[in-house]
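Containing mmCIF, C-alpha atoms: data-v2.cif.
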data_final
loop_
_atom_site.label_atom_id
_atom_site.label_comp_id
_atom_site.auth_asym_id
_atom_site.auth_seq_id
_atom_site.Cartn_x
_atom_site.Cartn_y
_atom_site.Cartn_z
CA MET V 8 -11.77 -17.19 9.66
CA THR V 9 -9.42 -19.08 11.99
CA ASP V 10 -6.25 -17.50 13.43
CA THR V 11 -4.14 -19.98 11.43
CA ILE V 12 -5.75 -19.06 8.11
CA ARG V 13 -5.59 -15.34 8.94
CA SER V 14 -1.86 -15.63 9.80
CA MET V 15 -1.26 -17.47 6.53
CA GLU V 16 -3.08 -14.89 4.41
CA GLN V 17 -1.28 -11.99 6.07
CA SER V 18 2.10 -13.63 5.43
CA LEU V 19 1.17 -14.46 1.85
CA TYR V 20 0.38 -10.80 1.25
CA LYS V 21 3.97 -9.92 2.20
CA MET V 22 5.46 -12.35 -0.28
CA PRO V 23 7.01 -10.84 -3.41
CA ILE V 24 5.32 -11.10 -6.79
CA VAL V 25 7.11 -13.99 -8.50
CA VAL V 26 7.76 -13.73 -12.24
CA ARG V 27 10.05 -16.75 -12.67
CA ALA V 28 10.88 -19.95 -10.78
CA ARG V 29 13.75 -22.29 -11.44
CA GLY V 30 15.11 -25.03 -9.22
CA TYR V 31 14.88 -23.69 -5.67
CA ARG V 32 15.02 -20.05 -6.70
CA LEU V 33 12.31 -17.48 -7.24
CA TYR V 34 12.69 -14.11 -9.01
CA ASP V 35 10.57 -11.04 -8.35
CA LEU V 36 9.55 -8.11 -10.58
CA TYR V 37 12.83 -6.32 -9.88
CA GLY V 38 15.06 -9.28 -10.64
CA LYS V 39 15.82 -10.07 -7.00
CA ARG V 40 16.49 -13.73 -6.37
CA TYR V 41 15.14 -15.67 -3.38
CA ILE V 42 16.15 -19.08 -2.14
CA ASP V 43 12.88 -20.94 -1.60
CA LEU V 44 12.44 -22.71 1.75
CA TYR V 45 8.68 -23.03 1.22
CA GLN V 46 8.76 -25.02 -2.04
CA ASN V 47 4.99 -24.90 -2.52
CA ASN V 48 4.62 -26.76 0.80
CA GLY V 49 6.76 -29.60 -0.51
CA ARG V 50 5.23 -29.94 -3.96
CA ALA V 51 8.40 -28.37 -5.36
CA ILE V 52 10.78 -30.39 -3.20
CA LEU V 53 12.49 -31.59 -6.41
CA GLY V 54 12.56 -28.03 -7.75
CA HIS V 55 10.11 -25.81 -9.60
CA ARG V 56 11.15 -27.24 -12.95
CA SER V 57 11.76 -30.87 -12.17
CA GLU V 58 14.08 -32.71 -14.54
CA GLY V 59 12.25 -34.00 -17.63
CA LEU V 60 8.90 -32.65 -16.45
CA LEU V 61 8.26 -30.25 -19.34
CA ARG V 62 9.37 -32.83 -21.88
CA SER V 63 6.94 -35.47 -20.60
CA MET V 64 4.09 -32.93 -20.41
CA LYS V 65 4.65 -31.93 -24.03
CA ALA V 66 4.73 -35.59 -25.13
CA VAL V 67 1.34 -36.42 -23.57
CA ALA V 68 -0.25 -33.13 -24.69
CA SER V 69 0.93 -33.74 -28.27
CA ARG V 70 -1.21 -36.91 -28.32
CA GLY V 71 -4.25 -34.89 -27.29
CA LEU V 72 -4.52 -36.65 -23.91
CA VAL V 73 -5.66 -33.65 -21.90
CA SER V 74 -9.40 -34.20 -21.33
CA GLU V 75 -10.67 -36.34 -18.44
CA TYR V 76 -11.10 -39.78 -20.05
CA PRO V 77 -10.22 -43.28 -18.78
CA SER V 78 -6.58 -44.07 -19.58
CA VAL V 79 -3.75 -46.49 -18.90
CA TYR V 80 -2.16 -44.02 -16.50
CA ASP V 81 -4.53 -44.80 -13.61
CA GLY V 82 -3.26 -48.38 -13.47
CA ARG V 83 0.36 -47.32 -13.86
CA LEU V 84 0.07 -44.89 -10.96
CA GLU V 85 -1.59 -47.50 -8.74
CA LYS V 86 1.30 -49.94 -9.34
CA ILE V 87 3.75 -47.32 -8.08
CA LEU V 88 1.55 -46.54 -5.07
CA LYS V 89 1.46 -50.23 -4.10
CA LEU V 90 5.25 -50.31 -4.08
CA LEU V 91 5.48 -47.12 -2.02
CA PHE V 92 2.72 -47.95 0.47
CA PRO V 93 2.39 -51.74 0.80
CA GLU V 94 0.44 -51.39 4.07
CA TYR V 95 -2.38 -49.61 2.21
CA PRO V 96 -4.40 -51.96 -0.02
CA VAL V 97 -6.83 -49.40 -1.47
CA PHE V 98 -6.23 -46.09 -3.26
CA ARG V 99 -8.45 -43.34 -4.54
CA ILE V 100 -7.33 -40.62 -6.94
CA TYR V 101 -9.26 -37.35 -7.02
CA ARG V 102 -8.88 -34.32 -9.22
CA ASN V 103 -7.79 -32.00 -6.38
CA ARG V 104 -7.33 -31.81 -2.60
CA GLU V 105 -10.71 -30.18 -1.93
CA ARG V 106 -12.48 -33.05 -3.66
CA ALA V 107 -10.38 -35.62 -1.76
CA LEU V 108 -11.08 -34.05 1.64
CA PHE V 109 -14.80 -33.83 0.91
CA ALA V 110 -14.91 -37.52 -0.09
CA LEU V 111 -12.87 -38.52 2.95
CA GLY V 112 -14.96 -36.43 5.32
CA SER V 113 -18.12 -38.06 4.01
CA ALA V 114 -16.69 -41.56 4.50
CA LEU V 115 -15.39 -40.89 8.03
CA ASN V 116 -18.31 -38.65 9.03
CA LEU V 117 -15.83 -35.91 9.97
CA LEU V 118 -15.24 -32.32 8.99
CA ILE V 119 -11.67 -32.44 7.67
CA SER V 120 -9.66 -29.29 7.00
CA PRO V 121 -6.08 -29.15 5.62
CA ASP V 122 -4.66 -27.59 8.80
CA GLY V 123 -6.30 -30.27 10.96
CA ILE V 124 -4.41 -33.16 9.36
CA THR V 125 -1.30 -34.51 11.11
CA ASP V 126 1.89 -33.43 9.36
CA PRO V 127 4.86 -35.80 9.97
CA ALA V 128 7.27 -33.00 9.09
CA MET V 129 6.07 -31.06 12.13
CA ASN V 130 5.48 -33.82 14.67
CA ASP V 131 5.40 -37.58 15.13
CA ALA V 132 2.07 -39.15 14.27
CA ALA V 133 0.41 -40.78 17.29
CA SER V 134 -0.76 -44.35 16.97
CA ASP V 135 -4.41 -43.28 17.10
CA VAL V 136 -4.16 -40.68 14.30
CA ARG V 137 -6.77 -41.34 11.65
CA VAL V 138 -5.59 -39.03 8.87
CA SER V 139 -2.01 -37.99 8.18
CA TYR V 140 0.01 -36.47 5.39
CA TRP V 141 3.00 -38.35 3.99
CA ARG V 142 6.15 -36.50 2.93
CA PRO V 143 9.21 -37.81 1.07
CA PHE V 144 12.73 -38.00 2.54
CA LEU V 145 11.56 -38.69 6.09
CA PRO V 146 12.55 -41.76 8.15
CA GLU V 147 10.67 -44.92 7.29
CA MET V 148 7.17 -45.07 8.72
CA THR V 149 6.66 -47.10 11.89
CA ARG V 150 3.08 -46.02 12.58
CA PHE V 151 0.36 -46.35 10.01
CA PRO V 152 -2.70 -44.09 10.29
CA GLU V 153 -6.00 -45.18 8.84
CA VAL V 154 -5.69 -42.71 5.94
CA LEU V 155 -2.56 -41.36 4.29
CA LEU V 156 -2.48 -38.28 2.05
CA PRO V 157 0.87 -38.13 0.22
CA ILE V 158 2.36 -34.74 -0.63
CA PHE V 159 4.09 -35.63 -3.88
CA PRO V 160 6.54 -33.45 -5.85
CA PHE V 161 4.06 -31.91 -8.28
CA PRO V 162 4.11 -28.08 -8.09
CA GLY V 163 0.71 -26.37 -8.25
CA SER V 164 -2.69 -26.79 -6.62
CA PHE V 165 -4.05 -28.55 -9.74
CA ALA V 166 -2.15 -31.77 -8.92
CA PRO V 167 -4.27 -34.93 -8.59
CA GLU V 168 -4.76 -35.96 -4.96
CA VAL V 169 -4.03 -39.52 -3.84
CA VAL V 170 -5.82 -41.04 -0.83
CA CYS V 171 -4.32 -44.23 0.65
CA LEU V 172 -6.70 -46.36 2.76
CA ARG V 173 -5.80 -49.16 5.19
CA ASP V 174 -9.36 -50.18 6.06
CA ARG V 175 -11.40 -51.69 3.25
CA SER V 176 -14.62 -50.85 5.07
CA THR V 177 -13.66 -47.16 4.99
CA ALA V 178 -12.76 -47.54 1.33
CA ALA V 179 -16.21 -48.96 0.65
CA MET V 180 -17.72 -45.71 1.95
CA MET V 181 -15.49 -43.56 -0.27
CA PRO V 182 -16.71 -42.30 -3.65
CA PRO V 183 -14.89 -43.90 -6.58
CA SER V 184 -11.83 -42.22 -8.02
CA ASP V 185 -12.39 -39.27 -10.33
CA MET V 186 -11.55 -39.40 -13.99
CA VAL V 187 -8.36 -37.35 -14.06
CA SER V 188 -6.64 -35.94 -17.12
CA PRO V 189 -4.00 -38.37 -18.49
CA PHE V 190 -1.86 -35.27 -18.92
CA LEU V 191 -1.81 -34.77 -15.14
CA LEU V 192 -1.60 -38.46 -14.22
CA ASP V 193 1.42 -39.07 -16.44
CA THR V 194 3.12 -35.98 -15.04
CA LEU V 195 2.49 -37.23 -11.50
CA ILE V 196 3.89 -40.66 -12.40
CA LYS V 197 7.07 -39.04 -13.77
CA THR V 198 7.64 -36.86 -10.71
CA VAL V 199 6.96 -39.68 -8.23
CA THR V 200 9.31 -41.98 -10.15
CA ARG V 201 12.03 -39.35 -9.99
CA MET V 202 11.33 -38.83 -6.28
CA ILE V 203 11.94 -42.54 -5.67
CA LYS V 204 15.18 -42.41 -7.65
CA VAL V 205 16.40 -39.34 -5.76
CA SER V 206 15.50 -40.87 -2.39
CA ARG V 207 17.80 -43.80 -3.16
CA GLY V 208 20.72 -41.49 -3.90
CA SER V 209 23.49 -40.72 -1.47
CA GLY V 210 24.14 -37.57 0.61
CA ARG V 211 22.59 -34.20 0.01
CA LYS V 212 24.49 -30.96 -0.08
CA SER V 213 21.64 -29.38 1.89
CA SER V 214 23.30 -30.70 5.06
CA GLU V 215 25.34 -27.48 5.08
CA PHE V 216 22.11 -25.51 5.40
CA GLN V 217 20.89 -27.90 8.06
CA ARG V 218 23.99 -27.30 10.19
CA LEU V 219 23.20 -23.60 10.12
CA MET V 220 19.63 -24.27 11.18
CA ASP V 221 20.95 -26.10 14.26
CA VAL V 222 22.08 -22.72 15.60
CA PHE V 223 18.42 -21.91 16.24
CA GLU V 224 17.84 -25.22 18.03
CA TRP V 225 14.76 -25.78 15.91
CA LYS V 226 13.38 -29.27 15.40
CA ARG V 227 14.45 -31.03 12.22
CA ARG V 228 13.15 -34.17 10.57
CA GLY V 229 14.96 -34.99 7.35
CA PRO V 230 14.93 -31.82 5.24
CA TYR V 231 12.00 -30.32 7.19
CA ILE V 232 12.35 -27.67 9.90
CA ASN V 233 9.79 -26.79 12.60
CA THR V 234 10.61 -23.47 14.30
CA GLY V 235 8.07 -23.86 17.10
CA LEU V 236 7.53 -20.08 16.99
CA ASP V 237 4.20 -18.39 17.59
CA SER V 238 2.53 -16.39 14.82
CA VAL V 239 3.97 -13.03 15.90
CA ALA V 240 7.57 -14.21 16.21
CA TYR V 241 7.28 -16.18 12.99
CA SER V 242 5.98 -13.13 11.10
CA GLU V 243 9.06 -11.17 12.18
CA LEU V 244 11.28 -14.04 11.12
CA CYS V 245 9.67 -14.04 7.65
CA LYS V 246 10.31 -10.29 7.24
CA LYS V 247 13.99 -10.57 8.13
CA ALA V 248 14.45 -13.62 5.95
CA LEU V 249 12.80 -11.93 2.97
CA SER V 250 15.15 -8.94 3.23
CA GLU V 251 18.05 -11.39 2.93
CA GLY V 252 16.57 -13.14 -0.11
CA VAL V 253 15.17 -16.14 1.79
CA LEU V 254 11.51 -17.09 1.31
CA LEU V 255 9.94 -18.95 4.24
CA PRO V 256 6.56 -20.75 4.36
CA PRO V 257 3.52 -18.46 4.75
CA GLY V 258 2.59 -19.77 8.20
CA GLU V 259 4.25 -21.07 11.36
CA HIS V 260 2.31 -24.35 11.06
CA LEU V 261 4.14 -25.25 7.85
CA PRO V 262 7.68 -26.67 7.69
CA MET V 263 10.69 -24.96 6.18
CA ILE V 264 12.25 -27.25 3.57
CA MET V 265 15.96 -27.31 2.89
CA PRO V 266 16.89 -26.97 -0.81
CA ARG V 267 18.70 -29.88 -2.40
CA GLU V 268 21.21 -27.59 -4.10
CA PHE V 269 22.39 -24.00 -3.76
CA SER V 270 25.30 -21.71 -4.60
CA ASP V 271 28.08 -20.51 -2.30
CA GLY V 272 26.64 -16.98 -2.56
CA GLU V 273 23.25 -18.15 -1.38
CA LEU V 274 24.87 -19.95 1.53
CA GLU V 275 26.70 -16.74 2.47
CA GLY V 276 23.44 -14.77 2.34
CA PHE V 277 21.73 -17.32 4.53
CA THR V 278 24.66 -17.24 6.98
CA HIS V 279 24.19 -13.46 7.26
CA PHE V 280 20.51 -14.04 7.97
CA VAL V 281 21.39 -16.56 10.71
CA ARG V 282 23.82 -14.10 12.32
CA GLN V 283 21.15 -11.40 12.34
CA MET V 284 18.71 -13.71 14.08
CA THR V 285 21.21 -14.90 16.69
CA GLY V 286 22.77 -11.49 17.27
CA ASP V 287 26.31 -12.67 16.36
#

Would you mind writing the file's structure down as structure tokens?
Amino acid sequence: MTDTIRSMEQSLYKMPIVVRARGYRLYDLYGKRYIDLYQNNGRAILGHRSEGLLRSMKAVASRGLVSEYPSVYDGRLEKILKLLFPEYPVFRIYRNRERALFALGSALNLLISPDGITDPAMNDAASDVRVSYWRPFLPEMTRFPEVLLPIFPFPGSFAPEVVCLRDRSTAAMMPPSDMVSPFLLDTLIKTVTRMIKVSRGSGRKSSEFQRLMDVFEWKRRGPYINTGLDSVAYSELCKKALSEGVLLPPGEHLPMIMPREFSDGELEGFTHFVRQMTGD
């Protein structure tokens, strides 16, 4: 087990048991509320109950479109992907991330692990990077890696995984897309469509949180924060944050994500947390 994975598992063990999630808030067994700066590693960047998500899921499920059969949703999703990533002519859609990484590793003849993929929220992608994640609400891309793995706003590890390919010769080595449940594909289409709509909106109230984060002099890209701390210092940070009702990512290699909305009380609690950390 690598040090990164061990650090992540140890931090995860310290997380509270969550019994309810709404927006950017989590609630534990004792009713304590936490502001969520992890957001399922960005899959809940639009909130844990994204607007209209449950309604669309019920509509597709009511038509019995749950099993993995060919459907119209594959083509609809690909049209959206072409608009989002015009530099990438080929897409594959797999049933989960493990399946996508296995297929990609076979095509590139590489052993690819999630923590070995470049994360633009944590650092700038070099021009020679082959595989990189893509995250919403970051500055427009100026460098285009060979393979792009979007982290879309779809909470849960059961989300379909999209692979965007620049090189058609690499695409030719990739297994074909999986048959994915129309139930999941339609849900992904809805959340990506809302993500696009939100990204075109004006100012975000989260800037107030971001000004507080500047006190630490941590690196920020869009709504993402990179502390630059080592595993020991980050573990201590997580403990102090948790006591103040702030949930941080389970590892120092993952970005904090600023919530898009919050209450004045939550802002006050976070301010107290900042003062504790800075000794003010």

Can you tell me, as a PDB file with C-alpha atoms, in the frame of the given file, what residues are no more than 12 Å from Arg228 of chain V when counting all atoms listed in the file, ignoring any on the same chain fewer than 6 positions away?
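Written output follows (selection_37.pdb):
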ATOM      1  CA  ASP V 126       1.890 -33.430   9.360  1.00  0.00           C
ATOM      2  CA  PRO V 127       4.860 -35.800   9.970  1.00  0.00           C
ATOM      3  CA  ALA V 128       7.270 -33.000   9.090  1.00  0.00           C
ATOM      4  CA  MET V 129       6.070 -31.060  12.130  1.00  0.00           C
ATOM      5  CA  ASN V 130       5.480 -33.820  14.670  1.00  0.00           C
ATOM      6  CA  ASP V 131       5.400 -37.580  15.130  1.00  0.00           C
ATOM      7  CA  ARG V 142       6.150 -36.500   2.930  1.00  0.00           C
ATOM      8  CA  PRO V 143       9.210 -37.810   1.070  1.00  0.00           C
ATOM      9  CA  PHE V 144      12.730 -38.000   2.540  1.00  0.00           C
ATOM     10  CA  LEU V 145      11.560 -38.690   6.090  1.00  0.00           C
ATOM     11  CA  PRO V 146      12.550 -41.760   8.150  1.00  0.00           C
ATOM     12  CA  GLU V 147      10.670 -44.920   7.290  1.00  0.00           C
ATOM     13  CA  GLN V 217      20.890 -27.900   8.060  1.00  0.00           C
ATOM     14  CA  MET V 220      19.630 -24.270  11.180  1.00  0.00           C
ATOM     15  CA  ASP V 221      20.950 -26.100  14.260  1.00  0.00           C
ATOM     16  CA  THR V 234      10.610 -23.470  14.300  1.00  0.00           C
ATOM     17  CA  PRO V 262       7.680 -26.670   7.690  1.00  0.00           C
ATOM     18  CA  MET V 263      10.690 -24.960   6.180  1.00  0.00           C
ATOM     19  CA  ILE V 264      12.250 -27.250   3.570  1.00  0.00           C
ATOM     20  CA  MET V 265      15.960 -27.310   2.890  1.00  0.00           C
TER      21      MET V 265
END

Under the rule that all atoms listed in the file are counted, which of V:Pro167, V:Gly30, V:Gly229, V:Gly258 is the nearest residue to Asp81 of chain V?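 Checking each of V:Pro167, V:Gly30, V:Gly229, V:Gly258 against Asp81 of chain V, counting all atoms listed in the file, the winner is V:Pro167.
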
Kindly indicate which residue among V:Val253, V:Leu261, V:Met186, V:Val205 lies nearest to Pro77 of chain V, using all atoms listed in the file for the distances.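 Looking only at the distances to Pro77 of chain V, the closest residue turns out to be V:Met186.
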
Hits of the PyMOL selection byres ((chain V and resi 47) around 10) in this structure, as a list of chain:residue names: V:Asp43, V:Leu44, V:Tyr45, V:Gln46, V:Asn48, V:Gly49, V:Arg50, V:Ala51, V:Ile52, V:Gly54, V:His55, V:Pro160, V:Phe161, V:Pro162, V:Gly163, V:Ser164, V:Pro256, V:Pro257, V:Ile264

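Using only C-alpha atoms, the smallest distance between any of V:Ser176, V:Thr194, V:Thr149, V:Ser139 and Ser63 of chain V comes from V:Thr194.
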
So which one's closest to Pro121 of chain V, V:His260, V:Arg62, V:Arg207, V:Arg175? Using only C-alpha atoms, please.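 Counting only C-alpha atoms, the residue closest to Pro121 of chain V is V:His260.
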
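Rounded to one decimal, atom CA of Leu191 of chain V and atom CA of Lys86 of chain V lie 16.5 Å from each other.
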
Excluding Glu259 of chain V and any residue of its chain fewer than 2 positions from it, enumerate the residues within 10 Å of it, using all atoms listed in the file, and give them as a list in words.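 The neighbour list is Thr11, Ser14, Met15, Ser18, Asn233, Thr234, Gly235, Leu236, Asp237, Ser238, Val239, Ala240, Tyr241, Ser242, Leu244, Cys245, Leu255, Pro256, Pro257, Leu261, Pro262 and Met263 of chain V.
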
Select, from V:Trp225, V:Phe151, V:Tyr76, V:Tyr41, the residue with the minimum atom-to-atom distance to Arg173 of chain V, counting only C-alpha atoms. V:Phe151

Identify the residues around (-5.9, -28.5, -5.1) within a radius of 8 Å, measuring from only C-alpha atoms in the coordinates stated by the file, and give them as number ranges by chain. V: 102-105, 163-168

Could the residues in this selection be written to a file with C-alpha atoms, as a short mmCIF file (atom, residue, chain, number, x, y, z; two decimals), in the frame of the given file?
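As written to disk, selection.cif reads:
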data_model
loop_
_atom_site.label_atom_id
_atom_site.label_comp_id
_atom_site.auth_asym_id
_atom_site.auth_seq_id
_atom_site.Cartn_x
_atom_site.Cartn_y
_atom_site.Cartn_z
CA ARG V 102 -8.88 -34.32 -9.22
CA ASN V 103 -7.79 -32.00 -6.38
CA ARG V 104 -7.33 -31.81 -2.60
CA GLU V 105 -10.71 -30.18 -1.93
CA GLY V 163 0.71 -26.37 -8.25
CA SER V 164 -2.69 -26.79 -6.62
CA PHE V 165 -4.05 -28.55 -9.74
CA ALA V 166 -2.15 -31.77 -8.92
CA PRO V 167 -4.27 -34.93 -8.59
CA GLU V 168 -4.76 -35.96 -4.96
#

Atom CA of Leu108 of chain V sits from atom CA of Thr177 of chain V at a separation of 13.8 Å

Which is closest to Val187 of chain V among V:Val79, V:Leu155, V:Met64, V:Val25, if we use all atoms listed in the file?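 Comparing V:Val79, V:Leu155, V:Met64, V:Val25 against Val187 of chain V, the winner is V:Val79.
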
Selection near Ser184 of chain V, 6 Å with all atoms listed in the file, sequence-local residues under 4 positions removed, as a ChimeraX atom specification: /V:99-101

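Taking atom CA of Phe269 of chain V and atom CA of Arg32 of chain V as endpoints, the distance between them is 8.9 Å.
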
Got a sec to resolve the PyMOL selection byres ((chain V and resi 252) around 12) on this structure and send the residues as number ranges by chain? V: 22-23, 32-35, 38-44, 245-251, 253-255, 272-280

Report the residues retrieved by the PyMOL selection byres ((chain V and resi 110) around 10) from the displayed file, expressed as a list in words. Arg99, Tyr101, Arg104, Glu105, Arg106, Ala107, Leu108, Phe109, Leu111, Gly112, Ser113, Ala114, Leu115, Asn116, Ile119, Val170, Met180, Met181, Pro182, Pro183 and Ser184 of chain V

Would you compute the box with edges along x, y and z of the file around segment 259-266 of chain V, including every atom the file lists for it and 3 Å extra on each side, and give its centre and edge lengths in Å to one decimal, as JSON?
{"center_x": 9.6, "center_y": -24.2, "center_z": 5.3, "size_x": 20.6, "size_y": 12.2, "size_z": 18.2}

Which neighbours of Val97 of chain V fall inside 10 Å, counting only C-alpha atoms, when residues of the same chain fewer than 4 positions from it are skipped, and could you give them as a list in words?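 Near neighbours after the sequence-gap exclusion: Glu85, Leu88, Lys89, Phe92, Pro93, Val170, Cys171, Leu172, Arg173, Asp174, Arg175, Thr177, Ala178 and Ala179 of chain V.
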